[in-house]
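Shown next: work_5.txt, given as compact mmCIF, C-alpha atoms.
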# COMPACT_ATOMS: atom_id res chain seq x y z
CA MET B 1 85.93 33.50 36.43
CA VAL B 2 82.38 32.79 37.57
CA VAL B 3 81.91 29.05 38.00
CA PHE B 4 78.38 29.11 39.32
CA ASP B 5 75.67 31.77 39.53
CA LYS B 6 71.92 32.02 39.36
CA PRO B 7 70.83 31.24 35.76
CA HIS B 8 69.41 34.08 33.67
CA ALA B 9 66.12 32.24 33.09
CA LEU B 10 65.41 32.40 36.83
CA ILE B 11 64.25 35.80 38.08
CA ASP B 12 66.28 37.18 40.98
CA VAL B 13 63.55 37.09 43.65
CA PRO B 14 63.36 35.03 46.86
CA LEU B 15 61.45 31.75 46.38
CA HIS B 16 58.42 31.18 48.63
CA TYR B 17 59.23 27.49 49.24
CA CYS B 18 59.96 26.13 52.73
CA PRO B 19 63.60 25.87 53.88
CA GLY B 20 65.24 22.81 52.33
CA CYS B 21 62.49 22.18 49.77
CA THR B 22 64.06 20.80 46.59
CA HIS B 23 61.60 22.64 44.32
CA GLY B 24 64.21 25.43 44.21
CA ILE B 25 66.87 23.04 42.90
CA ILE B 26 64.56 21.73 40.17
CA HIS B 27 63.53 25.30 39.18
CA ARG B 28 67.20 26.11 38.82
CA LEU B 29 67.93 23.00 36.71
CA VAL B 30 65.10 23.86 34.30
CA ALA B 31 66.36 27.46 34.09
CA GLU B 32 69.94 26.31 33.48
CA VAL B 33 68.78 24.04 30.65
CA ILE B 34 66.76 26.90 29.10
CA ASP B 35 69.90 29.08 29.27
CA GLU B 36 72.17 26.41 27.81
CA LEU B 37 69.86 25.65 24.90
CA GLY B 38 69.35 29.38 24.28
CA ILE B 39 65.56 29.10 24.12
CA GLU B 40 64.50 31.61 26.78
CA GLY B 41 62.84 33.93 24.26
CA LYS B 42 60.59 31.24 22.78
CA THR B 43 59.86 29.07 25.80
CA ILE B 44 56.38 29.01 27.32
CA GLY B 45 55.99 27.35 30.69
CA ILE B 46 52.73 26.02 32.11
CA ALA B 47 52.46 26.33 35.89
CA PRO B 48 50.33 23.85 37.86
CA VAL B 49 48.24 24.08 41.00
CA GLY B 50 50.19 23.02 44.08
CA CYS B 51 53.26 24.35 45.85
CA SER B 52 54.72 25.47 42.53
CA VAL B 53 51.57 27.39 41.60
CA MET B 54 53.57 30.61 41.63
CA ALA B 55 56.29 29.28 39.31
CA TYR B 56 55.32 32.12 36.92
CA ASN B 57 56.91 34.54 39.37
CA TYR B 58 60.26 32.77 39.10
CA PHE B 59 60.86 31.88 35.45
CA ASN B 60 61.98 34.61 33.07
CA CYS B 61 60.09 33.09 30.13
CA ASP B 62 56.37 33.50 29.37
CA MET B 63 54.19 31.47 31.71
CA ILE B 64 50.55 30.36 31.76
CA GLU B 65 48.70 29.23 34.88
CA ALA B 66 46.55 26.19 34.06
CA ALA B 67 43.50 24.89 35.94
CA HIS B 68 44.33 22.09 38.37
CA GLY B 69 45.82 19.14 36.47
CA ARG B 70 45.14 20.59 33.02
CA ALA B 71 48.69 21.70 32.25
CA PRO B 72 49.31 19.02 29.54
CA ALA B 73 46.03 20.03 27.84
CA VAL B 74 46.99 23.73 27.89
CA ALA B 75 50.49 22.81 26.68
CA THR B 76 48.96 20.82 23.80
CA GLY B 77 47.01 23.88 22.70
CA VAL B 78 49.99 26.22 22.94
CA LYS B 79 52.28 23.81 21.11
CA ARG B 80 49.81 23.03 18.32
CA ALA B 81 49.02 26.71 17.75
CA ASP B 82 52.63 27.44 16.78
CA PRO B 83 54.73 24.26 16.81
CA GLU B 84 57.74 25.76 15.02
CA ASN B 85 58.38 28.78 17.20
CA HIS B 86 57.54 27.67 20.72
CA ILE B 87 59.10 25.34 23.25
CA VAL B 88 56.47 24.35 25.79
CA PHE B 89 57.07 22.75 29.16
CA THR B 90 54.80 21.97 32.09
CA TYR B 91 55.95 21.85 35.69
CA GLN B 92 53.60 19.73 37.79
CA GLY B 93 53.43 18.15 41.20
CA ASP B 94 52.08 14.70 42.04
CA GLY B 95 48.67 15.90 43.17
CA ASP B 96 48.34 17.83 39.93
CA LEU B 97 49.72 15.32 37.43
CA ALA B 98 48.96 11.96 39.04
CA SER B 99 45.59 12.71 40.63
CA ILE B 100 43.25 15.30 39.12
CA GLY B 101 45.27 15.60 35.92
CA MET B 102 45.78 11.89 35.27
CA ALA B 103 43.54 11.84 32.18
CA GLU B 104 45.32 14.80 30.57
CA THR B 105 48.72 13.27 31.30
CA VAL B 106 47.90 9.82 29.94
CA HIS B 107 46.24 11.14 26.79
CA ALA B 108 48.98 13.68 26.07
CA ALA B 109 51.48 10.79 26.38
CA ALA B 110 49.34 8.48 24.24
CA ARG B 111 49.13 11.15 21.51
CA ASN B 112 52.92 11.63 21.75
CA GLU B 113 52.29 15.36 22.02
CA ASN B 114 55.55 17.23 21.40
CA ILE B 115 55.87 18.79 24.90
CA THR B 116 58.17 18.46 27.90
CA VAL B 117 56.71 17.55 31.29
CA ILE B 118 58.62 18.03 34.54
CA PHE B 119 56.86 15.94 37.19
CA ILE B 120 57.72 16.55 40.85
CA ASN B 121 56.95 13.52 43.00
CA ASN B 122 57.18 14.21 46.75
CA ALA B 123 54.64 11.59 47.86
CA ILE B 124 52.39 14.12 49.60
CA TYR B 125 50.12 17.11 48.99
CA GLY B 126 52.40 19.95 50.04
CA MET B 127 50.44 23.17 49.55
CA THR B 128 47.22 22.02 51.21
CA GLY B 129 48.98 20.80 54.34
CA GLY B 130 50.27 17.26 53.91
CA GLN B 131 47.35 15.06 52.90
CA MET B 132 47.79 11.61 51.35
CA ALA B 133 48.62 11.81 47.62
CA PRO B 134 48.23 9.13 44.94
CA THR B 135 51.99 8.66 45.23
CA SER B 136 52.18 8.33 49.06
CA LEU B 137 54.02 5.17 50.04
CA PRO B 138 52.25 2.22 51.74
CA GLY B 139 52.42 2.84 55.48
CA GLN B 140 53.35 6.52 55.07
CA VAL B 141 51.91 8.74 57.79
CA THR B 142 50.16 11.84 56.43
CA GLN B 143 47.42 14.18 57.72
CA THR B 144 44.71 11.97 56.21
CA SER B 145 46.41 8.65 57.00
CA PRO B 146 47.54 9.16 60.62
CA TYR B 147 48.07 5.40 61.11
CA GLY B 148 49.98 5.04 57.85
CA ARG B 149 48.59 4.46 54.36
CA ASP B 150 46.51 1.29 54.51
CA THR B 151 46.61 -0.30 51.06
CA LYS B 152 43.45 -2.36 51.79
CA HIS B 153 41.50 0.85 52.25
CA CYS B 154 43.39 3.40 50.11
CA GLY B 155 44.90 1.25 47.38
CA PHE B 156 48.45 1.40 46.12
CA PRO B 157 50.63 4.30 44.95
CA ILE B 158 50.73 5.08 41.24
CA LYS B 159 54.09 4.65 39.55
CA VAL B 160 53.72 7.15 36.74
CA CYS B 161 56.84 6.29 34.70
CA GLU B 162 56.13 2.55 34.77
CA MET B 163 52.50 3.11 33.84
CA LEU B 164 53.22 5.47 30.92
CA SER B 165 56.03 3.23 29.63
CA GLU B 166 53.36 0.64 28.72
CA LEU B 167 51.92 3.10 26.18
CA GLU B 168 53.28 3.17 22.65
CA GLY B 169 53.08 6.96 22.48
CA PRO B 170 55.70 8.59 24.70
CA GLU B 171 59.20 9.28 23.42
CA TYR B 172 61.15 9.58 26.64
CA LEU B 173 60.45 8.78 30.30
CA GLU B 174 63.02 8.97 33.04
CA ARG B 175 62.93 9.06 36.84
CA VAL B 176 65.64 11.01 38.67
CA THR B 177 66.11 12.61 42.08
CA VAL B 178 67.92 15.66 43.46
CA ASN B 179 69.04 14.52 46.92
CA SER B 180 72.80 14.71 46.22
CA VAL B 181 75.20 16.58 43.94
CA LYS B 182 75.67 13.45 41.81
CA ASN B 183 71.93 12.93 41.43
CA ILE B 184 71.45 16.62 40.59
CA ARG B 185 73.89 16.26 37.70
CA THR B 186 71.99 13.20 36.41
CA ALA B 187 68.69 15.07 36.79
CA LYS B 188 70.00 17.99 34.76
CA LYS B 189 71.07 15.66 31.93
CA ALA B 190 67.59 14.12 31.89
CA ILE B 191 65.86 17.52 31.84
CA LYS B 192 68.15 18.72 29.05
CA LYS B 193 67.38 15.64 27.00
CA ALA B 194 63.65 16.18 27.53
CA PHE B 195 63.93 19.73 26.14
CA GLN B 196 66.24 18.64 23.31
CA ASN B 197 63.73 15.95 22.28
CA GLN B 198 61.11 18.65 21.87
CA ILE B 199 63.44 20.87 19.83
CA ASP B 200 64.17 17.85 17.59
CA GLY B 201 60.43 17.21 17.25
CA LYS B 202 60.62 13.74 18.76
CA GLY B 203 57.56 13.96 21.01
CA PHE B 204 56.34 13.56 24.59
CA SER B 205 59.13 13.63 27.18
CA LEU B 206 58.46 13.30 30.90
CA VAL B 207 61.06 13.57 33.66
CA GLU B 208 59.84 12.44 37.08
CA VAL B 209 61.90 14.07 39.83
CA ILE B 210 61.73 12.51 43.29
CA SER B 211 61.59 15.54 45.56
CA SER B 212 61.49 16.13 49.30
CA CYS B 213 58.90 17.86 51.50
CA PRO B 214 60.61 18.38 54.87
CA THR B 215 57.69 20.38 56.32
CA ASN B 216 54.93 17.87 55.64
CA TRP B 217 57.06 14.77 56.11
CA GLY B 218 57.87 16.25 59.53
CA MET B 219 61.65 16.03 59.15
CA THR B 220 64.71 18.22 58.91
CA PRO B 221 65.87 18.93 55.32
CA GLN B 222 68.80 16.56 55.88
CA ALA B 223 66.60 13.72 57.16
CA ALA B 224 64.22 14.27 54.24
CA LEU B 225 67.02 13.77 51.70
CA LYS B 226 68.01 10.57 53.51
CA TRP B 227 64.37 9.42 53.54
CA ILE B 228 64.40 9.70 49.73
CA ASP B 229 67.33 7.25 49.63
CA ASP B 230 65.88 4.91 52.27
CA LYS B 231 62.17 4.83 51.40
CA MET B 232 61.32 6.57 48.14
CA ILE B 233 63.96 5.14 45.79
CA PRO B 234 63.34 1.47 46.74
CA TYR B 235 59.67 1.99 45.81
CA TYR B 236 60.30 4.32 42.86
CA PRO B 237 63.51 2.99 41.22
CA LEU B 238 65.50 5.60 39.28
CA GLY B 239 66.34 5.15 35.63
CA VAL B 240 65.22 5.52 32.04
CA TYR B 241 61.82 3.88 31.49
CA LYS B 242 61.45 4.62 27.82
CA ASP B 243 63.69 6.13 25.18
CA ARG B 244 62.31 5.32 21.75
CA SER B 245 65.16 6.95 19.81
CA ALA B 246 67.75 4.90 21.70
CA GLU B 247 65.65 1.75 21.15
CA LYS B 248 65.51 2.45 17.40
CA GLU B 249 69.25 3.02 17.26
CA ALA B 250 69.86 -0.24 19.13
CA GLU B 251 67.83 -2.08 16.50
CA MET L 1 91.78 30.78 45.08
CA ALA L 2 88.04 30.33 44.95
CA LYS L 3 85.63 32.93 46.22
CA LEU L 4 82.10 32.37 47.50
CA THR L 5 79.54 35.19 47.67
CA PHE L 6 76.34 34.66 49.65
CA LYS L 7 73.07 36.55 49.14
CA THR L 8 72.63 36.33 52.88
CA ASP L 9 69.13 37.78 53.08
CA ASN L 10 67.70 35.09 50.80
CA CYS L 11 69.15 32.25 52.91
CA LYS L 12 66.58 30.08 54.68
CA GLY L 13 69.12 28.31 56.88
CA CYS L 14 68.26 24.80 55.65
CA GLY L 15 71.90 23.74 55.92
CA LEU L 16 71.99 21.60 52.76
CA CYS L 17 75.12 23.46 51.61
CA VAL L 18 76.82 22.71 54.95
CA ASP L 19 76.41 18.96 54.34
CA ALA L 20 77.38 19.22 50.66
CA CYS L 21 80.81 20.80 51.25
CA PRO L 22 83.43 18.04 50.85
CA LYS L 23 85.90 20.03 52.97
CA LYS L 24 83.37 20.94 55.69
CA LEU L 25 84.08 24.67 55.36
CA LEU L 26 80.52 25.96 55.69
CA ARG L 27 78.38 26.55 58.75
CA LEU L 28 75.17 28.31 59.76
CA ALA L 29 76.19 31.52 61.56
CA GLN L 30 74.66 31.09 65.01
CA ASP L 31 75.54 34.70 65.96
CA LYS L 32 73.73 36.28 62.96
CA ILE L 33 70.10 36.55 61.93
CA ASN L 34 69.06 37.66 58.43
CA LYS L 35 65.94 39.56 57.26
CA LYS L 36 63.91 36.35 57.11
CA GLY L 37 64.90 35.43 60.67
CA HIS L 38 67.19 32.52 59.82
CA HIS L 39 70.80 31.85 60.71
CA PRO L 40 72.45 32.34 57.29
CA ALA L 41 75.14 30.11 55.81
CA GLU L 42 78.71 31.40 55.82
CA ILE L 43 82.18 30.12 54.97
CA THR L 44 84.65 29.57 57.79
CA ASP L 45 87.92 29.46 55.85
CA GLN L 46 87.89 31.09 52.41
CA GLU L 47 91.53 30.12 51.80
CA GLN L 48 90.72 26.40 51.90
CA CYS L 49 87.84 26.59 49.37
CA VAL L 50 88.61 24.92 46.03
CA GLY L 51 85.47 26.21 44.27
CA CYS L 52 83.89 22.81 43.51
CA ALA L 53 80.45 24.50 43.69
CA SER L 54 78.84 21.51 45.47
CA CYS L 55 77.27 23.92 47.98
CA ALA L 56 75.84 26.06 45.18
CA MET L 57 74.47 22.95 43.42
CA MET L 58 72.62 21.87 46.57
CA CYS L 59 71.32 25.33 47.52
CA PRO L 60 67.56 25.39 46.77
CA ASP L 61 67.51 29.19 46.83
CA CYS L 62 70.47 29.84 44.57
CA ILE L 63 72.14 32.27 46.98
CA ILE L 64 75.76 31.17 46.41
CA LYS L 65 77.91 32.59 43.63
CA VAL L 66 81.18 30.73 43.04
CA GLU L 67 84.22 32.35 41.41
CA ARG L 68 87.56 30.74 40.75

Have the structure of the file written as C-alpha cells, please.
Amino acid sequence: MVVFDKPHALIDVPLHYCPGCTHGIIHRLVAEVIDELGIEGKTIGIAPVGCSVMAYNYFNCDMIEAAHGRAPAVATGVKRADPENHIVFTYQGDGDLASIGMAETVHAAARNENITVIFINNAIYGMTGGQMAPTSLPGQVTQTSPYGRDTKHCGFPIKVCEMLSELEGPEYLERVTVNSVKNIRTAKKAIKKAFQNQIDGKGFSLVEVISSCPTNWGMTPQAALKWIDDKMIPYYPLGVYKDRSAEKEAE
Amino acid sequence: MAKLTFKTDNCKGCGLCVDACPKKLLRLAQDKINKKGHHPAEITDQEQCVGCASCAMMCPDCIIKVER
C-alpha cells in the first residue's frame, strides 16, 4: 500500500528551487489539498513574480502569470467571470504580496473577494539575490542592509495577518510554518480550510506560511529551519488571526 | 515492512529528510553523486523502517515514495 507519493496535481518535473528551500513543501501541500478536494479540473492558479514565478511549470491545473503583485487583482477577474465553476488561488511571496502588491491584497481582502491566497513569508527577496524585504526582521542582515535592518532608517516589518485582521472583510487569516513535520500537518489543515472556504462561498482566505531561504540567509537548510523557530516565530506568532465563521458559531 | 523508493536524480542533498527520520535511518551517500552533482539521500537499514513518512513530508522535492 502506498502511504506517501507525489500528489497528482504536482507535475513530475524537478523543481528549480535551491536545496532545502521550503517552497517545494508548500507546493506539495497545495497540490495535496487540490487532490483531496477533487478540484484539479476546475482550479486556476495565479503565479506571482519572485522565486515561485515558474509555479505554472509545476502545478497540473491551469495557471496564469500575473504582473508583479497583481495576482489578487487577476484572481478577482477570473473568479468573478465564472464564480460557480472555478476555484482560484494565488501563490505569492512577500516581495510580491506585501510590497508592490500591497494595494491589491488589502483591497481584495476588504472586498471579501472569494479567493484563496497562499502567502510565502521568508523575510527576504529571494529571486533577486537577498535584498531587504518589507518583512525582513529588525537587525536582519541582507544585501541592502549589511549592518542589519535599522528601523530608524528603514521602518518596521509589516505583519500582514495582523494588519488584515483589522479589516471587516476577510473570512479567514492564519499564519503557519513548515519547519517540522508537526507544523507541516498544521499548515496543510490551514490550506485545506482556505480552499474549502472558497468552495463554500465564504470569501477571502489567506494563509501566511513562514518559509526559509537558506541561500540568501546564508545558512544550511537545517540552520534555516532553526532560525525560523528562534527568530521568525517570536516576531510573527503562529495562529488563526481571523475566522469569521467560527466567530459567528461562537456567538 | 515499509519500503522507501528514492528518485535519486531529483535529490538536491539538502538533508532535511535525514534530520526528520525518528529512527535515524537515512544518510546522504558520500560515495555517490547524482546527475545534479549532489550526494543523494539513501536508507541505511530498510528492515528497521516503520514507514512513518516523516522523511517524505519534509522532502521539498518530493523524491521519496513510501509503501507499507

Counting only C-alpha atoms, what are the residues of segment 2-55 of chain L within 12 Å of segment 183-206 of chain B, and for each of them which pair of atoms is the nearest and at what distance in Å, to one decimal? Sort the table by chain and rising number, as a tab-separated table.
residue	atom	partner	partner_atom	distance
L:Ala20	CA	B:Ile184	CA	12.0
L:Ser54	CA	B:Ile184	CA	10.1
L:Cys55	CA	B:Ile184	CA	11.9

TODO: Name all residues at most 10 Å from Cys52 of chain L (count all atoms listed in the file; drop same-chain ones fewer than 2 positions away) and give them as number ranges by chain.
DONE: B: 3-4; L: 2, 21-22, 49-50, 54-57, 66-68

Could the residues in this selection be saved with C-alpha atoms as a PDB file, in the frame of the given file?
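Saved file again_12.pdb follows:
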ATOM      1  CA  VAL B   3      81.910  29.050  38.000  1.00  0.00           C
ATOM      2  CA  PHE B   4      78.380  29.110  39.320  1.00  0.00           C
TER       3      PHE B   4
ATOM      4  CA  ALA L   2      88.040  30.330  44.950  1.00  0.00           C
ATOM      5  CA  CYS L  21      80.810  20.800  51.250  1.00  0.00           C
ATOM      6  CA  PRO L  22      83.430  18.040  50.850  1.00  0.00           C
ATOM      7  CA  CYS L  49      87.840  26.590  49.370  1.00  0.00           C
ATOM      8  CA  VAL L  50      88.610  24.920  46.030  1.00  0.00           C
ATOM      9  CA  SER L  54      78.840  21.510  45.470  1.00  0.00           C
ATOM     10  CA  CYS L  55      77.270  23.920  47.980  1.00  0.00           C
ATOM     11  CA  ALA L  56      75.840  26.060  45.180  1.00  0.00           C
ATOM     12  CA  MET L  57      74.470  22.950  43.420  1.00  0.00           C
ATOM     13  CA  VAL L  66      81.180  30.730  43.040  1.00  0.00           C
ATOM     14  CA  GLU L  67      84.220  32.350  41.410  1.00  0.00           C
ATOM     15  CA  ARG L  68      87.560  30.740  40.750  1.00  0.00           C
TER      16      ARG L  68
END

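For chain B, the residues having at least one atom no farther than 8 Å from chain L, when counting all atoms listed in the file, are Met1, Val2, Val3, Phe4, Asp5, Lys6, Pro14, Leu15, Cys18, Pro19, Gly20, Cys21, Thr22, His23, Gly24, Ile25, Arg28, Ser180, Val181, Ile184, Pro221 and Gln222 of chain B.
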
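Between atom CA of Tyr241 of chain B and atom CA of Thr76 of chain B the separation is 22.6 Å.
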
TODO: For atom CA of Gly218 of chain B and atom CA of Leu10 of chain B, determine how far apart the two atoms are, in Å to one decimal place.
DONE: 28.9 Å

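Using only C-alpha atoms, the nearest neighbour of Leu37 of chain B within the list B:Ile64, B:Ala224, B:Ala9, B:Val240 is B:Ala9.
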
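Considering the residues B:Gly95, B:Asn114, B:Val209, B:His153 and counting all atoms listed in the file, Thr135 of chain B has its shortest atom-to-atom contact with B:Gly95.
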
Open item on the list: Set the distance at 9 Å and use only C-alpha atoms: which residues neighbour Thr8 of chain L once local chain neighbours fewer than 5 positions away are removed? I'd like the list as a PyMOL selection string.
Closed with: chain L and resi 34-35+40-42+63-64

Task: Top pick for closest residue to Ile87 of chain B, considering B:Gly69, B:Pro134, B:Pro48, B:Gly38 and counting only C-alpha atoms - done: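 Of the candidates, the smallest distance to Ile87 of chain B is held by B:Gly38.
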
TODO: Record the distance separating atom CA of Ala73 of chain B and atom CA of Met163 of chain B, expressed in Å with one decimal.
DONE: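 Separation of atom CA of Ala73 of chain B and atom CA of Met163 of chain B: 19.1 Å.
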
Would you mind writing segment 59-77 of chain B with N, CA and C atoms, as a compact mmCIF listing (two decimals), in the frame of the given file?
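Once written, part_35.txt looks like this:
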# COMPACT_ATOMS: atom_id res chain seq x y z
N PHE B 59 60.21 32.11 36.74
CA PHE B 59 60.86 31.88 35.45
C PHE B 59 60.79 33.14 34.61
N ASN B 60 61.87 33.39 33.87
CA ASN B 60 61.98 34.61 33.07
C ASN B 60 61.27 34.48 31.73
N CYS B 61 60.79 33.26 31.40
CA CYS B 61 60.09 33.09 30.13
C CYS B 61 58.60 33.37 30.33
N ASP B 62 57.82 33.33 29.24
CA ASP B 62 56.37 33.50 29.37
C ASP B 62 55.79 32.30 30.10
N MET B 63 54.80 32.55 30.93
CA MET B 63 54.19 31.47 31.71
C MET B 63 52.67 31.57 31.62
N ILE B 64 52.02 30.41 31.69
CA ILE B 64 50.55 30.36 31.76
C ILE B 64 50.20 29.57 33.00
N GLU B 65 49.17 29.99 33.72
CA GLU B 65 48.70 29.23 34.88
C GLU B 65 47.49 28.40 34.44
N ALA B 66 47.63 27.07 34.51
CA ALA B 66 46.55 26.19 34.06
C ALA B 66 45.62 25.84 35.23
N ALA B 67 44.39 25.43 34.91
CA ALA B 67 43.50 24.89 35.94
C ALA B 67 44.13 23.62 36.49
N HIS B 68 43.70 23.22 37.68
CA HIS B 68 44.33 22.09 38.37
C HIS B 68 44.39 20.84 37.50
N GLY B 69 45.62 20.39 37.21
CA GLY B 69 45.82 19.14 36.47
C GLY B 69 45.78 19.29 34.97
N ARG B 70 45.37 20.46 34.47
CA ARG B 70 45.14 20.59 33.02
C ARG B 70 46.35 21.12 32.26
N ALA B 71 47.50 21.14 32.91
CA ALA B 71 48.69 21.70 32.25
C ALA B 71 49.03 20.99 30.92
N PRO B 72 48.99 19.64 30.83
CA PRO B 72 49.31 19.02 29.54
C PRO B 72 48.30 19.39 28.44
N ALA B 73 47.04 19.64 28.83
CA ALA B 73 46.03 20.03 27.84
C ALA B 73 46.31 21.44 27.33
N VAL B 74 46.65 22.35 28.28
CA VAL B 74 46.99 23.73 27.89
C VAL B 74 48.25 23.72 27.03
N ALA B 75 49.23 22.90 27.43
CA ALA B 75 50.49 22.81 26.68
C ALA B 75 50.23 22.31 25.26
N THR B 76 49.32 21.34 25.13
CA THR B 76 48.96 20.82 23.80
C THR B 76 48.46 21.95 22.92
N GLY B 77 47.57 22.78 23.47
CA GLY B 77 47.01 23.88 22.70
C GLY B 77 48.07 24.87 22.27
